[in-house]
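The next block holds one structure in the form of structure tokens; read it before the comments.
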Amino acid sequence: MDLELSETQQAVVDGLSGDFTDAFIEVYQSSGDTFIRVESEAIVDICRYLKDEHHFIYLSDVFGIDRFTSRERFEVVYNIISLRAREHLFIKVRLPEENPVVESITGVWKSANWMEREVYDMFGVEFTNHPDFRRIFMPEDFDYFPLRKEFPLLGIPGSIDLPSTTPDPE
Amino acid sequence: MGIESALGDGYFTTQIDSLTNWARSNAAWPMPMGLACCAIEMMAFAGPKYDAARFGSEVMRFSPRQSDVMIVAGWVNYKMAHAIRRIWDQMPDPKWCIAMGACASTGGMHRCYGVVQGCDNFLPVDAYVSGCPPRPDALLHALMKIQDKIRTEHSVMLDT
Amino acid sequence: MLSNYLPIVILGVIAIVLALLLMTLSKVLGPSRPNKTKLQPYESGMDPVGEARDRYSISFYLVAMEFIVFDLEVVFVFPWAVRYLDYGVGTLVAMTIFIITLFIGLIYTVKVGTLNWDMKKGMFN
């Protein structure tokens, strides 16, 4: 498989192979985008390295994927952008279903705060050391994670309550 | 009050009814609950070309205390439903409701867990407007239907 | 001469009667269905946060006070001003002294800085 990496992306791959050989799993390209898969334990160090050394100062998005496989069910993808080189890069980690825990990268990019809350709300992925770890869209006492594949499209009846159809009597 | 026993079902009541219904129908101030894209068409409905003011909906009162008709324009999330119900409860009687657009009437294109499938699940809707978004003249038609409803179906006897 | 005031009296009577009539009609003909939610203060459908009463600038009070003083001055000047030609020089002198006295007061307030909205610059600051 031929990879057409730009200068910055090649520098990132070389840097990761050099400094983070254990954590760096693979790199592939799809539809013109470059994806780098790493181990979930090293994600904070890798992100800090990318931000400091390769000037990926802009975290564009953090989103989750439910692969619905029996092993390593969830993926968390970080979309980072280097404004200087005008490049973007996708960093992926895979998490098991029984214990989907990854460390929060809010220490590296502050904007990850709400994005990781969204991933938690929709998939149930836990982020350790998160400054404000709670649901962001669904109500606080919602019992399910809506974007998991087993959650039905129309929701579970009774899981979220509607207001009453009569006004409260005085 | 003791007025209903004094009025009864006679000529006097119907005359008062026609007067108050005429007054109420020609001054139906809307409370615009503009939640999504239908709100733009509601703005057009209030704008100069499709003028709502000539039907008596002179001002869009954004306070529930000063309005008669609530126009739910846009899809309703479950969280927002509580706020809308509370605002509806805070509107003084008599009040009417228009569900504008497909999303407010039935959930529209958002057939999913987060959107209430029709605001009539928690509000007593009087007129539904179909469209995505409905043309401003469709909303005017709904307003005229509300006016007809006030004139023909409302009575002072209900209010006492 | 009292009959000159008749239109004003009629206007006053109509105003009072109309106000009372409208209030009575809406009390008699209007519905009254209070419930707990309806009586809550309106805060866009959410639970009310914080107190309704807030601190506000003292400049409002100062401007109101100034307005009262100079409005009453105008009230005194108007009856003289409409017929000043009939009244003679003595009243002109009296009026001039009156206006000059209040004008000196105005210069004082402007210099002290009460009419500056944020009360920063003035004689005593």
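Residues in the structure tokens are numbered from 1 in each chain, the chains being A, B, ... in the order shown, and ligands are numbered from 1 in the order shown.
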Find the nearest atom pair between each residue of chain A and chain B for residues within 10 Å, count only C-alpha atoms, give distances in Å to one decimal, sort rows by chain and ascending number, and present the table as a Markdown table.
| residue | atom | partner | partner_atom | distance |
| --- | --- | --- | --- | --- |
| A:Phe137 | CA | B:Lys79 | CA | 9.0 |
| A:Met138 | CA | B:Lys79 | CA | 8.1 |
| A:Pro139 | CA | B:Lys79 | CA | 7.5 |
| A:Pro146 | CA | B:Tyr113 | CA | 8.0 |
| A:Phe151 | CA | B:Tyr113 | CA | 9.4 |
| A:Pro152 | CA | B:Tyr113 | CA | 8.1 |
| A:Leu153 | CA | B:Cys112 | CA | 5.3 |
| A:Leu154 | CA | B:Cys112 | CA | 4.4 |
| A:Gly155 | CA | B:Tyr113 | CA | 4.2 |
| A:Ile156 | CA | B:Tyr113 | CA | 7.6 |
| A:Pro157 | CA | B:Tyr113 | CA | 9.1 |
| A:Ser159 | CA | B:Tyr113 | CA | 9.6 |
| A:Ile160 | CA | B:Tyr78 | CA | 7.4 |
| A:Asp161 | CA | B:Tyr78 | CA | 7.4 |
| A:Leu162 | CA | B:Tyr78 | CA | 6.5 |
| A:Pro163 | CA | B:His82 | CA | 5.3 |
| A:Ser164 | CA | B:Phe122 | CA | 6.4 |
| A:Thr165 | CA | B:Phe122 | CA | 4.8 |
| A:Thr166 | CA | B:Phe122 | CA | 8.3 |
| A:Pro167 | CA | B:Asp89 | CA | 6.3 |
| A:Asp168 | CA | B:Asp89 | CA | 8.8 |
Write out the residues from the selection above, keeping N, CA and C atoms, as a PDB file, in the first residue's frame.
ATOM      1  N   PHE A 137     -25.563  16.314  26.206  1.00  0.00           N
ATOM      2  CA  PHE A 137     -26.808  16.484  25.461  1.00  0.00           C
ATOM      3  C   PHE A 137     -27.991  15.904  26.206  1.00  0.00           C
ATOM      4  N   MET A 138     -27.880  14.634  26.587  1.00  0.00           N
ATOM      5  CA  MET A 138     -29.004  13.959  27.223  1.00  0.00           C
ATOM      6  C   MET A 138     -29.087  14.415  28.669  1.00  0.00           C
ATOM      7  N   PRO A 139     -30.249  14.269  29.296  1.00  0.00           N
ATOM      8  CA  PRO A 139     -30.351  14.664  30.704  1.00  0.00           C
ATOM      9  C   PRO A 139     -29.443  13.827  31.583  1.00  0.00           C
ATOM     10  N   PRO A 146     -26.835   6.829  23.490  1.00  0.00           N
ATOM     11  CA  PRO A 146     -27.649   6.756  22.269  1.00  0.00           C
ATOM     12  C   PRO A 146     -26.940   6.335  21.002  1.00  0.00           C
ATOM     13  N   PHE A 151     -28.695   0.770  20.493  1.00  0.00           N
ATOM     14  CA  PHE A 151     -29.743   1.691  20.926  1.00  0.00           C
ATOM     15  C   PHE A 151     -30.678   1.941  19.757  1.00  0.00           C
ATOM     16  N   PRO A 152     -31.991   1.723  19.920  1.00  0.00           N
ATOM     17  CA  PRO A 152     -32.897   1.880  18.771  1.00  0.00           C
ATOM     18  C   PRO A 152     -33.005   3.340  18.342  1.00  0.00           C
ATOM     19  N   LEU A 153     -33.331   3.539  17.088  1.00  0.00           N
ATOM     20  CA  LEU A 153     -33.326   4.890  16.512  1.00  0.00           C
ATOM     21  C   LEU A 153     -34.317   5.800  17.222  1.00  0.00           C
ATOM     22  N   LEU A 154     -35.495   5.263  17.521  1.00  0.00           N
ATOM     23  CA  LEU A 154     -36.506   6.113  18.132  1.00  0.00           C
ATOM     24  C   LEU A 154     -36.372   6.185  19.638  1.00  0.00           C
ATOM     25  N   GLY A 155     -35.354   5.591  20.183  1.00  0.00           N
ATOM     26  CA  GLY A 155     -35.178   5.665  21.621  1.00  0.00           C
ATOM     27  C   GLY A 155     -35.959   4.597  22.337  1.00  0.00           C
ATOM     28  N   ILE A 156     -35.766   4.550  23.634  1.00  0.00           N
ATOM     29  CA  ILE A 156     -36.432   3.557  24.467  1.00  0.00           C
ATOM     30  C   ILE A 156     -37.572   4.264  25.172  1.00  0.00           C
ATOM     31  N   PRO A 157     -38.802   3.812  24.984  1.00  0.00           N
ATOM     32  CA  PRO A 157     -39.935   4.521  25.575  1.00  0.00           C
ATOM     33  C   PRO A 157     -39.830   4.562  27.085  1.00  0.00           C
ATOM     34  N   SER A 159     -37.542   6.285  28.691  1.00  0.00           N
ATOM     35  CA  SER A 159     -36.203   6.592  29.183  1.00  0.00           C
ATOM     36  C   SER A 159     -36.022   8.082  29.424  1.00  0.00           C
ATOM     37  N   ILE A 160     -36.850   8.897  28.741  1.00  0.00           N
ATOM     38  CA  ILE A 160     -36.708  10.343  28.909  1.00  0.00           C
ATOM     39  C   ILE A 160     -38.119  10.878  29.053  1.00  0.00           C
ATOM     40  N   ASP A 161     -38.328  11.761  30.014  1.00  0.00           N
ATOM     41  CA  ASP A 161     -39.736  12.074  30.292  1.00  0.00           C
ATOM     42  C   ASP A 161     -40.187  13.362  29.622  1.00  0.00           C
ATOM     43  N   LEU A 162     -41.443  13.328  29.222  1.00  0.00           N
ATOM     44  CA  LEU A 162     -42.103  14.475  28.637  1.00  0.00           C
ATOM     45  C   LEU A 162     -42.740  15.294  29.757  1.00  0.00           C
ATOM     46  N   PRO A 163     -42.961  16.593  29.519  1.00  0.00           N
ATOM     47  CA  PRO A 163     -43.694  17.345  30.536  1.00  0.00           C
ATOM     48  C   PRO A 163     -45.145  16.878  30.601  1.00  0.00           C
ATOM     49  N   SER A 164     -45.806  17.196  31.680  1.00  0.00           N
ATOM     50  CA  SER A 164     -47.179  16.717  31.860  1.00  0.00           C
ATOM     51  C   SER A 164     -48.113  17.482  30.937  1.00  0.00           C
ATOM     52  N   THR A 165     -49.233  16.858  30.612  1.00  0.00           N
ATOM     53  CA  THR A 165     -50.165  17.492  29.688  1.00  0.00           C
ATOM     54  C   THR A 165     -51.180  18.335  30.423  1.00  0.00           C
ATOM     55  N   THR A 166     -51.133  18.364  31.728  1.00  0.00           N
ATOM     56  CA  THR A 166     -52.043  19.247  32.474  1.00  0.00           C
ATOM     57  C   THR A 166     -51.200  20.146  33.351  1.00  0.00           C
ATOM     58  N   PRO A 167     -51.634  21.381  33.529  1.00  0.00           N
ATOM     59  CA  PRO A 167     -50.879  22.241  34.435  1.00  0.00           C
ATOM     60  C   PRO A 167     -51.048  21.769  35.869  1.00  0.00           C
ATOM     61  N   ASP A 168     -50.037  22.051  36.672  1.00  0.00           N
ATOM     62  CA  ASP A 168     -50.133  21.648  38.075  1.00  0.00           C
ATOM     63  C   ASP A 168     -51.263  22.411  38.735  1.00  0.00           C
TER      64      ASP A 168
END
- prompt: Residues of chain C within 12 Å of chain B, using only C-alpha atoms, as a list in words?
  reply: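 Contact residues on the first chain: Leu25, Ser26, Lys27, Val28, Leu29, Gly30, Pro31, Ser32, Arg33, Pro34, Asn35, Lys36, Thr37, Lys38, Leu39, Gln40, Pro41, Tyr42, Glu43, Ser44, Gly45, Met46, Asp47 and Pro48 of chain C.
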- request: Would you list the contacts of C:Asp118 as a PyMOL selection string, taking every protein, DNA or RNA residue within 12 Å and counting only C-alpha atoms, but skipping same-chain residues closer than 3 positions in sequence?
  value: chain C and resi 56-60+62-63+113-115+121-122+125
task: From the DSSP assignment of the backbone, select every residue of stretch 53-134 of chain A that is strand (DSSP E), and format the answer as number ranges by chain.
output: A: 58-66, 74-82, 87-95, 101-103, 126-128
query: atom CA of B:Asn26 and atom CA of B:Gly8, how far apart in Å?
result: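 Value for the atom CA of B:Gly8-atom CA of B:Asn26 distance: 25.7 Å.
In this comparison, which uses only C-alpha atoms, the residue of A:Leu50, A:Ser40, A:Arg135, A:Gly32 approaching A:Asp14 most closely is A:Leu50.
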Could you find all residues in chain B that DSSP calls helix (DSSP H, G or I) from the backbone, and write them as a compact mmCIF listing (two decimals) with N, CA and C atoms, in the first residue's frame?
# COMPACT_ATOMS: atom_id res chain seq x y z
N ILE B 3 -71.56 35.39 37.08
CA ILE B 3 -72.10 35.92 35.83
C ILE B 3 -72.77 34.84 35.01
N GLU B 4 -72.27 33.59 35.15
CA GLU B 4 -72.84 32.58 34.25
C GLU B 4 -74.26 32.23 34.65
N SER B 5 -74.53 32.32 35.92
CA SER B 5 -75.92 32.07 36.30
C SER B 5 -76.79 33.24 35.88
N ALA B 6 -76.19 34.43 35.90
CA ALA B 6 -76.99 35.60 35.49
C ALA B 6 -77.21 35.59 33.98
N LEU B 7 -76.16 35.14 33.23
CA LEU B 7 -76.29 35.23 31.77
C LEU B 7 -77.15 34.11 31.21
N TYR B 11 -79.97 35.31 24.67
CA TYR B 11 -79.61 36.29 23.64
C TYR B 11 -78.47 37.18 24.11
N PHE B 12 -78.55 37.56 25.41
CA PHE B 12 -77.55 38.48 25.94
C PHE B 12 -76.17 37.85 25.87
N THR B 13 -76.10 36.56 26.25
CA THR B 13 -74.81 35.88 26.21
C THR B 13 -74.25 35.82 24.81
N THR B 14 -75.11 35.49 23.85
CA THR B 14 -74.57 35.37 22.49
C THR B 14 -74.13 36.72 21.96
N GLN B 15 -74.81 37.77 22.36
CA GLN B 15 -74.36 39.09 21.90
C GLN B 15 -73.02 39.45 22.51
N ILE B 16 -72.87 39.16 23.82
CA ILE B 16 -71.57 39.42 24.43
C ILE B 16 -70.51 38.55 23.80
N ASP B 17 -70.90 37.31 23.51
CA ASP B 17 -69.95 36.40 22.86
C ASP B 17 -69.47 36.95 21.55
N SER B 18 -70.41 37.44 20.72
CA SER B 18 -69.93 37.91 19.41
C SER B 18 -69.02 39.11 19.59
N LEU B 19 -69.32 39.94 20.57
CA LEU B 19 -68.46 41.11 20.76
C LEU B 19 -67.07 40.69 21.23
N THR B 20 -67.02 39.86 22.29
CA THR B 20 -65.70 39.51 22.82
C THR B 20 -64.93 38.63 21.84
N ASN B 21 -65.64 37.75 21.12
CA ASN B 21 -64.93 36.91 20.16
C ASN B 21 -64.40 37.73 19.00
N TRP B 22 -65.19 38.71 18.59
CA TRP B 22 -64.69 39.59 17.53
C TRP B 22 -63.43 40.30 18.00
N ALA B 23 -63.48 40.79 19.25
CA ALA B 23 -62.31 41.51 19.77
C ALA B 23 -61.11 40.58 19.89
N ARG B 24 -61.34 39.39 20.43
CA ARG B 24 -60.21 38.48 20.66
C ARG B 24 -59.64 37.96 19.36
N SER B 25 -60.50 37.69 18.39
CA SER B 25 -59.96 37.10 17.16
C SER B 25 -59.19 38.13 16.35
N CYS B 38 -38.22 26.92 10.82
CA CYS B 38 -39.55 27.50 10.62
C CYS B 38 -39.63 28.92 11.15
N ALA B 39 -38.72 29.26 12.07
CA ALA B 39 -38.75 30.61 12.62
C ALA B 39 -38.48 31.65 11.54
N ILE B 40 -37.69 31.28 10.53
CA ILE B 40 -37.40 32.23 9.46
C ILE B 40 -38.67 32.54 8.68
N GLU B 41 -39.44 31.46 8.41
CA GLU B 41 -40.70 31.70 7.70
C GLU B 41 -41.67 32.45 8.59
N MET B 42 -41.56 32.28 9.91
CA MET B 42 -42.42 33.04 10.80
C MET B 42 -42.04 34.51 10.78
N MET B 43 -40.74 34.78 10.64
CA MET B 43 -40.32 36.17 10.50
C MET B 43 -40.87 36.76 9.21
N ALA B 44 -40.89 35.94 8.13
CA ALA B 44 -41.47 36.42 6.88
C ALA B 44 -42.96 36.66 7.04
N PHE B 45 -43.60 35.81 7.83
CA PHE B 45 -45.03 35.96 8.10
C PHE B 45 -45.30 37.28 8.81
N ALA B 46 -44.35 37.74 9.62
CA ALA B 46 -44.52 39.01 10.30
C ALA B 46 -43.99 40.18 9.51
N ALA B 53 -49.69 41.66 10.78
CA ALA B 53 -50.28 42.73 11.56
C ALA B 53 -51.65 43.11 11.03
N ARG B 54 -51.89 42.89 9.72
CA ARG B 54 -53.21 43.24 9.22
C ARG B 54 -54.28 42.27 9.69
N PHE B 55 -53.87 41.13 10.24
CA PHE B 55 -54.84 40.21 10.84
C PHE B 55 -54.99 40.44 12.33
N PRO B 64 -44.78 35.46 27.52
CA PRO B 64 -46.03 34.71 27.51
C PRO B 64 -47.17 35.45 28.18
N ARG B 65 -46.86 36.39 29.06
CA ARG B 65 -47.92 37.08 29.80
C ARG B 65 -48.74 37.98 28.93
N GLN B 66 -48.21 38.34 27.75
CA GLN B 66 -48.87 39.36 26.94
C GLN B 66 -49.35 38.79 25.63
N TYR B 78 -36.60 16.92 23.67
CA TYR B 78 -37.22 16.54 24.94
C TYR B 78 -36.88 17.55 26.03
N LYS B 79 -35.64 18.06 26.01
CA LYS B 79 -35.27 19.02 27.05
C LYS B 79 -36.04 20.32 26.88
N MET B 80 -36.19 20.76 25.63
CA MET B 80 -36.87 22.02 25.37
C MET B 80 -38.35 21.89 25.66
N ALA B 81 -38.87 20.66 25.57
CA ALA B 81 -40.30 20.47 25.79
C ALA B 81 -40.72 20.94 27.18
N HIS B 82 -39.83 20.73 28.16
CA HIS B 82 -40.19 21.18 29.51
C HIS B 82 -40.30 22.70 29.58
N ALA B 83 -39.36 23.39 28.92
CA ALA B 83 -39.40 24.85 28.93
C ALA B 83 -40.64 25.36 28.21
N ILE B 84 -40.97 24.70 27.07
CA ILE B 84 -42.12 25.16 26.30
C ILE B 84 -43.40 24.92 27.09
N ARG B 85 -43.48 23.79 27.78
CA ARG B 85 -44.69 23.52 28.56
C ARG B 85 -44.83 24.56 29.67
N ARG B 86 -43.71 24.92 30.27
CA ARG B 86 -43.80 25.91 31.34
C ARG B 86 -44.22 27.26 30.80
N ILE B 87 -43.68 27.63 29.64
CA ILE B 87 -44.09 28.91 29.05
C ILE B 87 -45.56 28.86 28.66
N TRP B 88 -46.02 27.73 28.16
CA TRP B 88 -47.44 27.58 27.83
C TRP B 88 -48.29 27.74 29.09
N ASP B 89 -47.83 27.14 30.19
CA ASP B 89 -48.59 27.28 31.43
C ASP B 89 -48.61 28.71 31.92
N GLN B 90 -47.57 29.48 31.59
CA GLN B 90 -47.50 30.85 32.06
C GLN B 90 -48.30 31.82 31.21
N GLY B 101 -45.30 23.72 10.79
CA GLY B 101 -44.30 22.90 10.14
C GLY B 101 -44.45 21.43 10.47
N ALA B 102 -43.69 20.62 9.70
CA ALA B 102 -43.80 19.18 9.90
C ALA B 102 -43.23 18.76 11.24
N CYS B 103 -42.15 19.43 11.67
CA CYS B 103 -41.48 18.97 12.89
C CYS B 103 -42.31 19.25 14.13
N ALA B 104 -42.98 20.36 14.17
CA ALA B 104 -43.80 20.64 15.35
C ALA B 104 -45.06 19.80 15.34
N SER B 105 -45.55 19.45 14.13
CA SER B 105 -46.79 18.68 14.08
C SER B 105 -46.54 17.22 14.40
N THR B 106 -45.50 16.62 13.81
CA THR B 106 -45.32 15.18 13.98
C THR B 106 -43.89 14.76 14.22
N CYS B 119 -45.51 18.24 18.81
CA CYS B 119 -45.64 18.95 20.07
C CYS B 119 -47.02 18.73 20.68
N ASP B 120 -47.93 18.03 19.97
CA ASP B 120 -49.22 17.76 20.62
C ASP B 120 -49.12 16.65 21.65
N ASN B 121 -47.89 16.11 21.84
CA ASN B 121 -47.71 15.16 22.93
C ASN B 121 -47.74 15.84 24.29
N PRO B 136 -45.17 31.39 4.29
CA PRO B 136 -45.82 32.32 5.21
C PRO B 136 -47.32 32.41 4.99
N ASP B 137 -47.79 32.24 3.75
CA ASP B 137 -49.25 32.31 3.59
C ASP B 137 -49.94 31.08 4.17
N ALA B 138 -49.21 29.96 4.26
CA ALA B 138 -49.80 28.82 4.96
C ALA B 138 -49.97 29.12 6.44
N LEU B 139 -49.01 29.83 7.01
CA LEU B 139 -49.13 30.21 8.42
C LEU B 139 -50.24 31.23 8.61
N LEU B 140 -50.41 32.11 7.61
CA LEU B 140 -51.52 33.05 7.68
C LEU B 140 -52.84 32.30 7.65
N HIS B 141 -52.89 31.23 6.82
CA HIS B 141 -54.10 30.41 6.77
C HIS B 141 -54.40 29.80 8.13
N ALA B 142 -53.32 29.34 8.80
CA ALA B 142 -53.53 28.78 10.14
C ALA B 142 -54.02 29.85 11.10
N LEU B 143 -53.47 31.05 10.97
CA LEU B 143 -53.92 32.13 11.85
C LEU B 143 -55.39 32.44 11.61
N MET B 144 -55.78 32.39 10.33
CA MET B 144 -57.19 32.63 10.03
C MET B 144 -58.07 31.51 10.57
N LYS B 145 -57.54 30.28 10.56
CA LYS B 145 -58.30 29.17 11.16
C LYS B 145 -58.47 29.38 12.65
N ILE B 146 -57.40 29.89 13.29
CA ILE B 146 -57.52 30.17 14.72
C ILE B 146 -58.56 31.26 14.94
N GLN B 147 -58.56 32.25 14.06
CA GLN B 147 -59.56 33.32 14.21
C GLN B 147 -60.97 32.77 14.07
N ASP B 148 -61.15 31.86 13.09
CA ASP B 148 -62.47 31.24 12.94
C ASP B 148 -62.82 30.44 14.18
N LYS B 149 -61.82 29.76 14.72
CA LYS B 149 -62.08 28.94 15.91
C LYS B 149 -62.51 29.83 17.07
N ILE B 150 -61.83 30.98 17.20
CA ILE B 150 -62.22 31.88 18.29
C ILE B 150 -63.64 32.37 18.08
N ARG B 151 -63.94 32.71 16.82
CA ARG B 151 -65.26 33.31 16.58
C ARG B 151 -66.38 32.31 16.75
N THR B 152 -66.14 31.05 16.35
CA THR B 152 -67.27 30.12 16.35
C THR B 152 -67.27 29.20 17.56
N GLU B 153 -66.10 28.87 18.11
CA GLU B 153 -66.11 27.84 19.14
C GLU B 153 -65.88 28.38 20.54
N VAL B 156 -67.99 33.04 26.28
CA VAL B 156 -67.73 33.57 27.61
C VAL B 156 -68.13 32.56 28.67
N MET B 157 -69.09 31.69 28.34
CA MET B 157 -69.54 30.70 29.31
C MET B 157 -68.43 29.74 29.68
N LEU B 158 -67.48 29.53 28.74
CA LEU B 158 -66.36 28.63 29.04
C LEU B 158 -65.38 29.27 30.00
N ASP B 159 -65.38 30.60 30.01
CA ASP B 159 -64.32 31.29 30.74
C ASP B 159 -64.64 31.50 32.20
message: Excluding A:Ala11 and its own-chain neighbours fewer than 3 positions away, which residues fall within 12 Å of it when counting only C-alpha atoms? Please give them as a list in words.
response: Leu5, Ser6, Glu7, Thr8, Asp14, Gly15, Leu16, Ser17, Gly18, Asp19, Leu50, Glu53, His54, His55 and Ala85 of chain A
query: Nearest to B:Gly118 among B:Gly56, B:Pro30, B:Gly47, B:Gly74, with distances taken over only C-alpha atoms: which residue is it?
result: B:Gly74
Interatomic distance (Å, one decimal) between atom CA of A:Asn99 and atom CA of A:Glu126: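 Here the two named atoms are 8.4 Å from each other.
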Distance of atom CA of A:Glu140 from atom CA of A:Gly158, expressed in Å to one decimal place: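 Going from atom CA of A:Gly158 over to atom CA of A:Glu140 covers 14.9 Å.
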